[in-house]
file final07.pdb (PDB, C-alpha atoms)
MODEL        1
ATOM      1  CA  MET A  70      98.653  73.616  98.889  1.00  0.00           C
ATOM      2  CA  PHE A  71      99.994  76.724  97.143  1.00  0.00           C
ATOM      3  CA  ASP A  72      99.637  77.789  93.526  1.00  0.00           C
ATOM      4  CA  LEU A  73     102.930  77.678  91.664  1.00  0.00           C
ATOM      5  CA  PRO A  74     103.896  80.855  89.800  1.00  0.00           C
ATOM      6  CA  ASN A  75     104.273  78.861  86.543  1.00  0.00           C
ATOM      7  CA  ASN A  76     107.393  80.699  85.468  1.00  0.00           C
ATOM      8  CA  ASP A  77     111.138  80.253  85.888  1.00  0.00           C
ATOM      9  CA  TRP A  78     110.804  80.160  89.685  1.00  0.00           C
ATOM     10  CA  ASN A  79     109.153  76.725  89.525  1.00  0.00           C
ATOM     11  CA  THR A  80     112.419  74.765  89.647  1.00  0.00           C
ATOM     12  CA  PHE A  81     113.479  76.488  92.874  1.00  0.00           C
ATOM     13  CA  ILE A  82     110.052  76.365  94.515  1.00  0.00           C
ATOM     14  CA  ILE A  83     109.331  72.720  93.683  1.00  0.00           C
ATOM     15  CA  SER A  84     112.734  71.713  95.041  1.00  0.00           C
ATOM     16  CA  GLU A  85     111.936  73.507  98.313  1.00  0.00           C
ATOM     17  CA  PHE A  86     108.490  71.886  98.474  1.00  0.00           C
ATOM     18  CA  GLU A  87     110.176  68.484  98.516  1.00  0.00           C
ATOM     19  CA  LYS A  88     112.430  69.219 101.481  1.00  0.00           C
ATOM     20  CA  ASP A  89     111.653  67.962 104.972  1.00  0.00           C
ATOM     21  CA  TYR A  90     111.383  71.421 106.533  1.00  0.00           C
ATOM     22  CA  PHE A  91     108.776  72.469 103.960  1.00  0.00           C
ATOM     23  CA  GLN A  92     106.752  69.290 104.451  1.00  0.00           C
ATOM     24  CA  LEU A  93     106.439  70.214 108.135  1.00  0.00           C
ATOM     25  CA  LEU A  94     105.703  73.844 107.257  1.00  0.00           C
ATOM     26  CA  GLU A  95     102.920  72.815 104.890  1.00  0.00           C
ATOM     27  CA  LYS A  96     101.374  70.530 107.492  1.00  0.00           C
ATOM     28  CA  ASP A  97     101.353  73.307 110.105  1.00  0.00           C
ATOM     29  CA  LEU A  98      99.890  75.782 107.634  1.00  0.00           C
ATOM     30  CA  MET A  99      97.108  73.468 106.500  1.00  0.00           C
ATOM     31  CA  ASN A 100      96.072  73.174 110.131  1.00  0.00           C
ATOM     32  CA  ALA A 101      96.398  76.938 110.672  1.00  0.00           C
ATOM     33  CA  TYR A 102      94.285  77.860 107.636  1.00  0.00           C
ATOM     34  CA  ASP A 103      91.586  75.423 108.804  1.00  0.00           C
ATOM     35  CA  LYS A 104      91.431  76.792 112.337  1.00  0.00           C
ATOM     36  CA  SER A 105      92.390  80.475 112.158  1.00  0.00           C
ATOM     37  CA  SER A 106      92.336  83.570 109.979  1.00  0.00           C
ATOM     38  CA  ILE A 107      95.605  83.439 108.064  1.00  0.00           C
ATOM     39  CA  PHE A 108      96.840  86.085 105.652  1.00  0.00           C
ATOM     40  CA  PRO A 109      97.297  86.326 102.744  1.00  0.00           C
ATOM     41  CA  PRO A 110      94.882  83.835 101.126  1.00  0.00           C
ATOM     42  CA  LYS A 111      96.557  80.595 100.031  1.00  0.00           C
ATOM     43  CA  GLU A 112      96.413  81.574  96.372  1.00  0.00           C
ATOM     44  CA  GLN A 113      98.444  84.740  97.075  1.00  0.00           C
ATOM     45  CA  VAL A 114     101.182  83.318  99.300  1.00  0.00           C
ATOM     46  CA  LEU A 115     103.615  82.972  96.376  1.00  0.00           C
ATOM     47  CA  ARG A 116     102.348  86.015  94.488  1.00  0.00           C
ATOM     48  CA  ALA A 117     105.678  87.846  94.687  1.00  0.00           C
ATOM     49  CA  PHE A 118     107.187  85.089  92.535  1.00  0.00           C
ATOM     50  CA  GLU A 119     104.224  85.044  90.168  1.00  0.00           C
ATOM     51  CA  LEU A 120     104.476  88.764  89.399  1.00  0.00           C
ATOM     52  CA  CYS A 121     108.279  88.979  89.249  1.00  0.00           C
ATOM     53  CA  SER A 122     109.970  86.208  87.290  1.00  0.00           C
ATOM     54  CA  LEU A 123     113.586  85.325  87.983  1.00  0.00           C
ATOM     55  CA  GLN A 124     114.568  86.448  84.489  1.00  0.00           C
ATOM     56  CA  ASN A 125     112.946  89.854  84.976  1.00  0.00           C
ATOM     57  CA  LEU A 126     114.196  90.368  88.535  1.00  0.00           C
ATOM     58  CA  ALA A 127     116.197  93.561  89.074  1.00  0.00           C
ATOM     59  CA  VAL A 128     115.509  94.579  92.706  1.00  0.00           C
ATOM     60  CA  VAL A 129     114.741  92.662  95.909  1.00  0.00           C
ATOM     61  CA  ILE A 130     112.960  94.455  98.763  1.00  0.00           C
ATOM     62  CA  VAL A 131     112.877  92.375 101.940  1.00  0.00           C
ATOM     63  CA  GLY A 132     110.100  92.733 104.517  1.00  0.00           C
ATOM     64  CA  GLN A 133     109.322  90.886 107.755  1.00  0.00           C
ATOM     65  CA  ASP A 134     105.910  89.248 107.325  1.00  0.00           C
ATOM     66  CA  PRO A 135     102.432  90.106 105.971  1.00  0.00           C
ATOM     67  CA  TYR A 136     100.201  92.654 107.642  1.00  0.00           C
ATOM     68  CA  PRO A 137      98.109  90.847 110.312  1.00  0.00           C
ATOM     69  CA  GLN A 138      94.963  92.911 109.684  1.00  0.00           C
ATOM     70  CA  PRO A 139      92.109  91.657 107.471  1.00  0.00           C
ATOM     71  CA  ASP A 140      92.079  92.818 103.844  1.00  0.00           C
ATOM     72  CA  HIS A 141      95.622  94.240 103.943  1.00  0.00           C
ATOM     73  CA  ALA A 142      98.097  91.546 102.846  1.00  0.00           C
ATOM     74  CA  GLU A 143      98.288  90.708  99.147  1.00  0.00           C
ATOM     75  CA  GLY A 144     101.369  88.499  98.994  1.00  0.00           C
ATOM     76  CA  LEU A 145     103.916  91.288  98.461  1.00  0.00           C
ATOM     77  CA  SER A 146     106.143  92.775 101.146  1.00  0.00           C
ATOM     78  CA  PHE A 147     104.923  96.157 102.444  1.00  0.00           C
ATOM     79  CA  SER A 148     102.099  96.282  99.855  1.00  0.00           C
ATOM     80  CA  VAL A 149      98.370  96.556 100.599  1.00  0.00           C
ATOM     81  CA  LYS A 150      95.324  96.244  98.388  1.00  0.00           C
ATOM     82  CA  ASN A 151      94.147  99.285  96.491  1.00  0.00           C
ATOM     83  CA  GLY A 152      91.556 101.209  98.469  1.00  0.00           C
ATOM     84  CA  THR A 153      93.321 100.432 101.760  1.00  0.00           C
ATOM     85  CA  LYS A 154      94.849 103.192 103.855  1.00  0.00           C
ATOM     86  CA  PRO A 155      98.644 102.769 103.746  1.00  0.00           C
ATOM     87  CA  PRO A 156     100.076 101.490 107.058  1.00  0.00           C
ATOM     88  CA  ALA A 157     102.764 103.686 108.591  1.00  0.00           C
ATOM     89  CA  SER A 158     105.751 101.810 107.138  1.00  0.00           C
ATOM     90  CA  LEU A 159     104.274 101.817 103.647  1.00  0.00           C
ATOM     91  CA  LYS A 160     103.426 105.489 103.962  1.00  0.00           C
ATOM     92  CA  ASN A 161     107.085 106.247 104.681  1.00  0.00           C
ATOM     93  CA  ILE A 162     108.162 104.077 101.743  1.00  0.00           C
ATOM     94  CA  LEU A 163     105.826 105.994  99.461  1.00  0.00           C
ATOM     95  CA  ILE A 164     107.227 109.319 100.669  1.00  0.00           C
ATOM     96  CA  GLU A 165     110.856 108.238 100.174  1.00  0.00           C
ATOM     97  CA  SER A 166     110.033 106.933  96.678  1.00  0.00           C
ATOM     98  CA  GLU A 167     108.478 110.336  95.883  1.00  0.00           C
ATOM     99  CA  ASN A 168     104.889 109.140  95.845  1.00  0.00           C
ATOM    100  CA  HIS A 169     102.264 111.143  97.762  1.00  0.00           C
ATOM    101  CA  PRO A 170     100.624 108.649 100.186  1.00  0.00           C
ATOM    102  CA  ASN A 171      97.180 110.231  99.799  1.00  0.00           C
ATOM    103  CA  GLN A 172      97.295 110.562  96.035  1.00  0.00           C
ATOM    104  CA  VAL A 173      98.450 107.146  94.794  1.00  0.00           C
ATOM    105  CA  ASN A 174      97.133 103.613  95.017  1.00  0.00           C
ATOM    106  CA  PRO A 175      99.077 101.890  97.821  1.00  0.00           C
ATOM    107  CA  SER A 176      99.446  98.532  96.064  1.00  0.00           C
ATOM    108  CA  LEU A 177     103.023  97.886  94.933  1.00  0.00           C
ATOM    109  CA  VAL A 178     101.958  95.536  92.143  1.00  0.00           C
ATOM    110  CA  PRO A 179     103.306  97.971  89.494  1.00  0.00           C
ATOM    111  CA  TRP A 180     106.769  97.638  91.066  1.00  0.00           C
ATOM    112  CA  ALA A 181     106.557  93.825  91.097  1.00  0.00           C
ATOM    113  CA  GLU A 182     105.536  93.754  87.439  1.00  0.00           C
ATOM    114  CA  GLN A 183     108.681  95.711  86.528  1.00  0.00           C
ATOM    115  CA  GLY A 184     111.055  93.299  88.241  1.00  0.00           C
ATOM    116  CA  VAL A 185     110.941  94.112  91.944  1.00  0.00           C
ATOM    117  CA  LEU A 186     110.708  90.993  94.113  1.00  0.00           C
ATOM    118  CA  LEU A 187     108.726  92.088  97.182  1.00  0.00           C
ATOM    119  CA  LEU A 188     109.805  89.287  99.482  1.00  0.00           C
ATOM    120  CA  ASN A 189     108.809  88.878 103.118  1.00  0.00           C
ATOM    121  CA  ARG A 190     111.077  86.729 105.309  1.00  0.00           C
ATOM    122  CA  THR A 191     107.903  84.994 106.501  1.00  0.00           C
ATOM    123  CA  LEU A 192     105.136  84.575 103.921  1.00  0.00           C
ATOM    124  CA  THR A 193     102.098  84.027 106.157  1.00  0.00           C
ATOM    125  CA  VAL A 194     100.708  85.433 109.394  1.00  0.00           C
ATOM    126  CA  GLN A 195      97.810  84.809 111.758  1.00  0.00           C
ATOM    127  CA  GLU A 196      95.348  87.636 112.279  1.00  0.00           C
ATOM    128  CA  GLY A 197      96.480  89.909 115.103  1.00  0.00           C
ATOM    129  CA  LYS A 198      99.767  88.051 115.673  1.00  0.00           C
ATOM    130  CA  PRO A 199     102.617  89.788 113.819  1.00  0.00           C
ATOM    131  CA  ASN A 200     105.639  87.560 113.276  1.00  0.00           C
ATOM    132  CA  GLY A 201     103.665  84.637 114.702  1.00  0.00           C
ATOM    133  CA  HIS A 202     104.700  82.330 111.845  1.00  0.00           C
ATOM    134  CA  ALA A 203     108.395  83.247 111.956  1.00  0.00           C
ATOM    135  CA  LYS A 204     109.399  79.846 113.349  1.00  0.00           C
ATOM    136  CA  LEU A 205     107.301  77.662 111.042  1.00  0.00           C
ATOM    137  CA  GLY A 206     110.012  77.316 108.394  1.00  0.00           C
ATOM    138  CA  TRP A 207     109.415  80.213 106.041  1.00  0.00           C
ATOM    139  CA  GLN A 208     112.703  81.834 106.960  1.00  0.00           C
ATOM    140  CA  SER A 209     114.561  78.803 105.624  1.00  0.00           C
ATOM    141  CA  PHE A 210     112.593  79.093 102.394  1.00  0.00           C
ATOM    142  CA  THR A 211     113.337  82.787 101.924  1.00  0.00           C
ATOM    143  CA  LEU A 212     116.989  82.384 102.936  1.00  0.00           C
ATOM    144  CA  HIS A 213     117.353  79.714 100.253  1.00  0.00           C
ATOM    145  CA  CYS A 214     115.654  82.107  97.847  1.00  0.00           C
ATOM    146  CA  ILE A 215     118.245  84.823  98.546  1.00  0.00           C
ATOM    147  CA  ASP A 216     121.021  82.257  97.977  1.00  0.00           C
ATOM    148  CA  TYR A 217     119.383  81.158  94.719  1.00  0.00           C
ATOM    149  CA  ILE A 218     119.218  84.732  93.414  1.00  0.00           C
ATOM    150  CA  ASN A 219     122.764  85.449  94.532  1.00  0.00           C
ATOM    151  CA  GLN A 220     124.113  82.435  92.658  1.00  0.00           C
ATOM    152  CA  ARG A 221     122.090  82.686  89.450  1.00  0.00           C
ATOM    153  CA  LYS A 222     121.731  86.410  88.837  1.00  0.00           C
ATOM    154  CA  GLU A 223     124.046  89.388  88.439  1.00  0.00           C
ATOM    155  CA  ASN A 224     123.565  93.099  89.068  1.00  0.00           C
ATOM    156  CA  VAL A 225     120.565  92.758  91.379  1.00  0.00           C
ATOM    157  CA  VAL A 226     119.849  95.530  93.872  1.00  0.00           C
ATOM    158  CA  PHE A 227     119.047  94.232  97.364  1.00  0.00           C
ATOM    159  CA  MET A 228     117.265  96.738  99.619  1.00  0.00           C
ATOM    160  CA  LEU A 229     117.726  95.623 103.220  1.00  0.00           C
ATOM    161  CA  TRP A 230     115.791  97.681 105.733  1.00  0.00           C
ATOM    162  CA  GLY A 231     116.062  97.103 109.460  1.00  0.00           C
ATOM    163  CA  SER A 232     117.293  94.324 111.729  1.00  0.00           C
ATOM    164  CA  ALA A 233     115.266  91.518 110.097  1.00  0.00           C
ATOM    165  CA  ALA A 234     116.746  92.179 106.652  1.00  0.00           C
ATOM    166  CA  ILE A 235     120.255  93.590 107.100  1.00  0.00           C
ATOM    167  CA  PRO A 236     121.817  90.264 108.281  1.00  0.00           C
ATOM    168  CA  LEU A 237     121.062  88.869 104.810  1.00  0.00           C
ATOM    169  CA  GLU A 238     123.971  90.942 103.507  1.00  0.00           C
ATOM    170  CA  LYS A 239     126.405  88.182 104.412  1.00  0.00           C
ATOM    171  CA  ARG A 240     124.639  85.874 101.923  1.00  0.00           C
ATOM    172  CA  ILE A 241     125.110  88.287  99.019  1.00  0.00           C
ATOM    173  CA  ASP A 242     128.171  88.598  96.794  1.00  0.00           C
ATOM    174  CA  ILE A 243     128.787  92.346  96.713  1.00  0.00           C
ATOM    175  CA  GLU A 244     131.095  91.902  93.713  1.00  0.00           C
ATOM    176  CA  LYS A 245     128.056  90.779  91.688  1.00  0.00           C
ATOM    177  CA  HIS A 246     125.244  92.785  93.286  1.00  0.00           C
ATOM    178  CA  LEU A 247     124.451  96.075  95.032  1.00  0.00           C
ATOM    179  CA  VAL A 248     123.361  95.985  98.680  1.00  0.00           C
ATOM    180  CA  LEU A 249     121.569  99.048 100.062  1.00  0.00           C
ATOM    181  CA  LYS A 250     121.013  99.152 103.838  1.00  0.00           C
ATOM    182  CA  SER A 251     119.097 101.522 106.093  1.00  0.00           C
ATOM    183  CA  GLY A 252     116.825 101.602 109.089  1.00  0.00           C
ATOM    184  CA  HIS A 253     113.338 100.173 108.761  1.00  0.00           C
ATOM    185  CA  PRO A 254     110.641 102.479 107.328  1.00  0.00           C
ATOM    186  CA  SER A 255     108.543 102.113 110.470  1.00  0.00           C
ATOM    187  CA  PRO A 256     107.914 105.353 112.423  1.00  0.00           C
ATOM    188  CA  LEU A 257     110.081 104.104 115.312  1.00  0.00           C
ATOM    189  CA  SER A 258     113.084 103.998 113.019  1.00  0.00           C
ATOM    190  CA  ALA A 259     112.127 106.827 110.666  1.00  0.00           C
ATOM    191  CA  ASN A 260     111.587 109.266 113.526  1.00  0.00           C
ATOM    192  CA  ARG A 261     115.155 108.575 114.698  1.00  0.00           C
ATOM    193  CA  GLY A 262     116.566 109.643 111.344  1.00  0.00           C
ATOM    194  CA  LEU A 263     117.250 106.108 110.116  1.00  0.00           C
ATOM    195  CA  TRP A 264     114.961 106.049 107.075  1.00  0.00           C
ATOM    196  CA  PHE A 265     114.226 109.303 105.273  1.00  0.00           C
ATOM    197  CA  GLY A 266     116.906 110.475 102.893  1.00  0.00           C
ATOM    198  CA  ASN A 267     118.431 107.033 102.261  1.00  0.00           C
ATOM    199  CA  LYS A 268     117.793 107.613  98.516  1.00  0.00           C
ATOM    200  CA  HIS A 269     117.578 103.869  97.906  1.00  0.00           C
ATOM    201  CA  PHE A 270     115.174 104.216  94.997  1.00  0.00           C
ATOM    202  CA  GLU A 271     117.413 106.742  93.269  1.00  0.00           C
ATOM    203  CA  LYS A 272     120.561 104.726  93.988  1.00  0.00           C
ATOM    204  CA  ALA A 273     118.936 101.565  92.650  1.00  0.00           C
ATOM    205  CA  ASN A 274     118.151 103.191  89.323  1.00  0.00           C
ATOM    206  CA  ASP A 275     121.603 104.761  89.107  1.00  0.00           C
ATOM    207  CA  TYR A 276     123.125 101.302  89.519  1.00  0.00           C
ATOM    208  CA  LEU A 277     120.764  99.624  87.055  1.00  0.00           C
ATOM    209  CA  LYS A 278     121.466 102.335  84.499  1.00  0.00           C
ATOM    210  CA  LYS A 279     125.218 101.943  85.026  1.00  0.00           C
ATOM    211  CA  LYS A 280     124.855  98.203  84.383  1.00  0.00           C
ATOM    212  CA  LYS A 281     122.774  98.965  81.293  1.00  0.00           C
ATOM    213  CA  ASN A 282     119.695  97.357  82.809  1.00  0.00           C
ATOM    214  CA  ARG A 283     116.158  98.709  82.630  1.00  0.00           C
ATOM    215  CA  VAL A 284     115.427 101.134  85.464  1.00  0.00           C
ATOM    216  CA  ILE A 285     112.320 100.965  87.660  1.00  0.00           C
ATOM    217  CA  ASN A 286     109.543 103.522  87.442  1.00  0.00           C
ATOM    218  CA  TRP A 287     108.851 104.012  91.136  1.00  0.00           C
ATOM    219  CA  GLY A 288     105.813 106.197  90.471  1.00  0.00           C
ATOM    220  CA  LEU A 289     102.451 104.617  91.278  1.00  0.00           C
ATOM    221  CA  PRO A 290      99.066 105.194  89.614  1.00  0.00           C
ATOM    222  CA  ALA A 291      96.834 107.951  90.947  1.00  0.00           C
ATOM    223  CA  ASN A 292      94.476 106.952  93.727  1.00  0.00           C
ATOM    224  CA  THR A 293      90.921 106.682  92.439  1.00  0.00           C
ATOM    225  CA  PHE A 294      89.611 105.967  95.932  1.00  0.00           C
ATOM    226  CA  ASN A 295      88.958 108.380  98.775  1.00  0.00           C
ATOM    227  CA  ARG A 296      89.597 111.447  96.650  1.00  0.00           C
ATOM    228  CA  GLU A 297      88.653 114.808  98.063  1.00  0.00           C
ATOM    229  CA  PRO A 298      85.543 116.112  96.273  1.00  0.00           C
ATOM    230  CA  THR A 299      86.034 118.773  93.630  1.00  0.00           C
ATOM    231  CA  LEU A 300      84.268 121.975  94.633  1.00  0.00           C
ATOM    232  CA  PHE A 301      82.730 124.276  92.032  1.00  0.00           C
TER
ENDMDL
END
call {"tool": "encode", "arguments": {"input": "final07.pdb", "output": "C-alpha cells"}}
result
Amino acid sequence: MFDLPNNDWNTFIISEFEKDYFQLLEKDLMNAYDKSSIFPPKEQVLRAFELCSLQNLAVVIVGQDPYPQPDHAEGLSFSVKNGTKPPASLKNILIESENHPNQVNPSLVPWAEQGVLLLNRTLTVQEGKPNGHAKLGWQSFTLHCIDYINQRKENVVFMLWGSAAIPLEKRIDIEKHLVLKSGHPSPLSANRGLWFGNKHFEKANDYLKKKKNRVINWGLPANTFNREPTLF
C-alpha cells in the first residue's frame, strides 16, 4: 500500500509490514483512504524515511500526527508544503531555530535531507480529526522505530517536545544518545514559557560537533511566495 523508501530503512519497514498489528493497520487504512480524505497522500506516508536514511540520521524530531487540513501535510513532522502559511507550532519552531516565519519556505525538507528524521507518532490523519488515527497501530510502528534507532545508532540527538513525545525518553539509552526535552511548540505551551529559549537546535549542533559528526544547517531557503512588493 505504501511506497518503500528504497534505502537502508527497508529491512526495518518490511519486517514491520509483516507483523499482525500492521496487517490490521493496513486494512483499516485502505478502507479509510477509500471513504475519507486522509493526509498525507499514500505515496508520502513514509517520506520521512525516504529523505533521511538510517546511515545519515543525526537528529530525530518527534511530532504527534499530520496536520488535518488539506494541502498541509507532506509526510514530515511539523512540516508543511512550500507556499503554505506556517501553522502556529511550526511558526514557533521556525522562530526558535532562528528562521523568520514570514521570510523562509516553511517546508522542513532541507532538514530531512541533512539527516533529521521528522517522525510523527501517528503517520496518517483524517481531515478535520486530529489524532483520529492514534489507535490504528501507528504508535506501535513508531515506537519500534525509536527502539531500532536506539539499538543500531550512536550519538543521535532526540528532540522530545511535549507530552506525546517526552515518554519516549525511557526507550533511549542516554549513554549512547542525547535527549533534549521541552514543552511543545504550540502556543498553549509556548505562551507558558515552556518552549522559547530551549536552545535545542544550538545544543544539538554542539553535541554533534563534540562527537565529530556533521552539524545541521537549521537555516531554511528564502520564501519566494507571498513576498511583500518592492516599492520604488
call {"tool": "residues_near_point", "arguments": {"input": "final07.pdb", "point": "(118.6, 101.6, 100.4)", "cutoff": "7 Å", "atoms": "all atoms listed in the file", "output": "mmCIF file with C-alpha atoms, keeping the file's coordinate frame"}}
result
data_model
loop_
_atom_site.group_PDB
_atom_site.id
_atom_site.type_symbol
_atom_site.label_atom_id
_atom_site.label_comp_id
_atom_site.auth_asym_id
_atom_site.auth_seq_id
_atom_site.Cartn_x
_atom_site.Cartn_y
_atom_site.Cartn_z
ATOM 1 C CA MET A 228 117.265 96.738 99.619
ATOM 2 C CA LEU A 229 117.726 95.623 103.220
ATOM 3 C CA LEU A 249 121.569 99.048 100.062
ATOM 4 C CA LYS A 250 121.013 99.152 103.838
ATOM 5 C CA SER A 251 119.097 101.522 106.093
ATOM 6 C CA ASN A 267 118.431 107.033 102.261
ATOM 7 C CA LYS A 268 117.793 107.613 98.516
ATOM 8 C CA HIS A 269 117.578 103.869 97.906
ATOM 9 C CA PHE A 270 115.174 104.216 94.997
#
call {"tool": "resolve_selection", "arguments": {"input": "final07.pdb", "expression": "the PyMOL selection byres ((chain A and resi 85) around 12)", "output": "ChimeraX atom specification"}}
result
/A:73,78-84,86-95,206-207,209-214,217
call {"tool": "closest_residue", "arguments": {"input": "final07.pdb", "among": "A:Ala142, A:Asn189, A:His253, A:Arg240", "to": "A:Asp216", "atoms": "all atoms listed in the file"}}
result
A:Arg240
call {"tool": "closest_residue", "arguments": {"input": "final07.pdb", "among": "A:Thr191, A:Asn292, A:Val128, A:Ser255", "to": "A:Asn274", "atoms": "only C-alpha atoms"}}
result
A:Val128
call {"tool": "closest_residue", "arguments": {"input": "final07.pdb", "among": "A:Val248, A:Ala181, A:Val129, A:Met99", "to": "A:Asn286", "atoms": "all atoms listed in the file"}}
result
A:Ala181
call {"tool": "atom_distance", "arguments": {"input": "final07.pdb", "atom1": "atom CA of A:Asn200", "atom2": "atom CA of A:Ala233"}}
result
10.9 Å
call {"tool": "build_atoms", "arguments": {"input": "final07.pdb", "residues": "stretch 277-293 of chain A", "atoms": "N, CA, C and O atoms", "output": "compact mmCIF listing (two decimals), keeping the file's coordinate frame"}}
result
# COMPACT_ATOMS: atom_id res chain seq x y z
N LEU A 277 121.32 100.37 88.18
CA LEU A 277 120.76 99.62 87.06
C LEU A 277 121.13 100.28 85.73
O LEU A 277 121.47 99.60 84.75
N LYS A 278 121.10 101.61 85.71
CA LYS A 278 121.47 102.34 84.50
C LYS A 278 122.95 102.11 84.18
O LYS A 278 123.33 101.90 83.02
N LYS A 279 123.78 102.16 85.21
CA LYS A 279 125.22 101.94 85.03
C LYS A 279 125.49 100.55 84.45
O LYS A 279 126.42 100.38 83.63
N LYS A 280 124.69 99.58 84.86
CA LYS A 280 124.86 98.20 84.38
C LYS A 280 124.09 97.95 83.09
O LYS A 280 123.99 96.81 82.63
N LYS A 281 123.52 99.03 82.54
CA LYS A 281 122.77 98.96 81.29
C LYS A 281 121.56 98.06 81.40
O LYS A 281 121.17 97.36 80.44
N ASN A 282 120.95 98.06 82.58
CA ASN A 282 119.70 97.36 82.81
C ASN A 282 118.54 98.35 82.83
O ASN A 282 118.73 99.55 83.03
N ARG A 283 117.35 97.85 82.62
CA ARG A 283 116.16 98.71 82.63
C ARG A 283 115.92 99.24 84.04
O ARG A 283 115.94 98.49 85.01
N VAL A 284 115.69 100.54 84.15
CA VAL A 284 115.43 101.13 85.46
C VAL A 284 113.97 100.92 85.85
O VAL A 284 113.12 100.56 85.01
N ILE A 285 113.67 101.14 87.13
CA ILE A 285 112.32 100.96 87.66
C ILE A 285 111.61 102.31 87.71
O ILE A 285 112.18 103.30 88.19
N ASN A 286 110.39 102.35 87.25
CA ASN A 286 109.54 103.52 87.44
C ASN A 286 108.87 103.37 88.80
O ASN A 286 107.94 102.59 88.97
N TRP A 287 109.36 104.14 89.77
CA TRP A 287 108.85 104.01 91.14
C TRP A 287 107.53 104.76 91.33
O TRP A 287 106.90 104.64 92.38
N GLY A 288 107.09 105.51 90.36
CA GLY A 288 105.81 106.20 90.47
C GLY A 288 104.65 105.21 90.44
O GLY A 288 104.70 104.21 89.73
N LEU A 289 103.63 105.49 91.21
CA LEU A 289 102.45 104.62 91.28
C LEU A 289 101.23 105.33 90.69
O LEU A 289 101.18 106.56 90.67
N PRO A 290 100.25 104.57 90.21
CA PRO A 290 99.07 105.19 89.61
C PRO A 290 98.30 106.06 90.61
O PRO A 290 98.32 105.81 91.82
N ALA A 291 97.62 107.06 90.09
CA ALA A 291 96.83 107.95 90.95
C ALA A 291 95.74 107.17 91.67
O ALA A 291 95.15 106.23 91.14
N ASN A 292 95.50 107.58 92.89
CA ASN A 292 94.48 106.95 93.73
C ASN A 292 93.09 107.37 93.27
O ASN A 292 92.74 108.55 93.29
N THR A 293 92.29 106.38 92.86
CA THR A 293 90.92 106.68 92.44
C THR A 293 89.93 106.51 93.58
O THR A 293 88.73 106.65 93.39
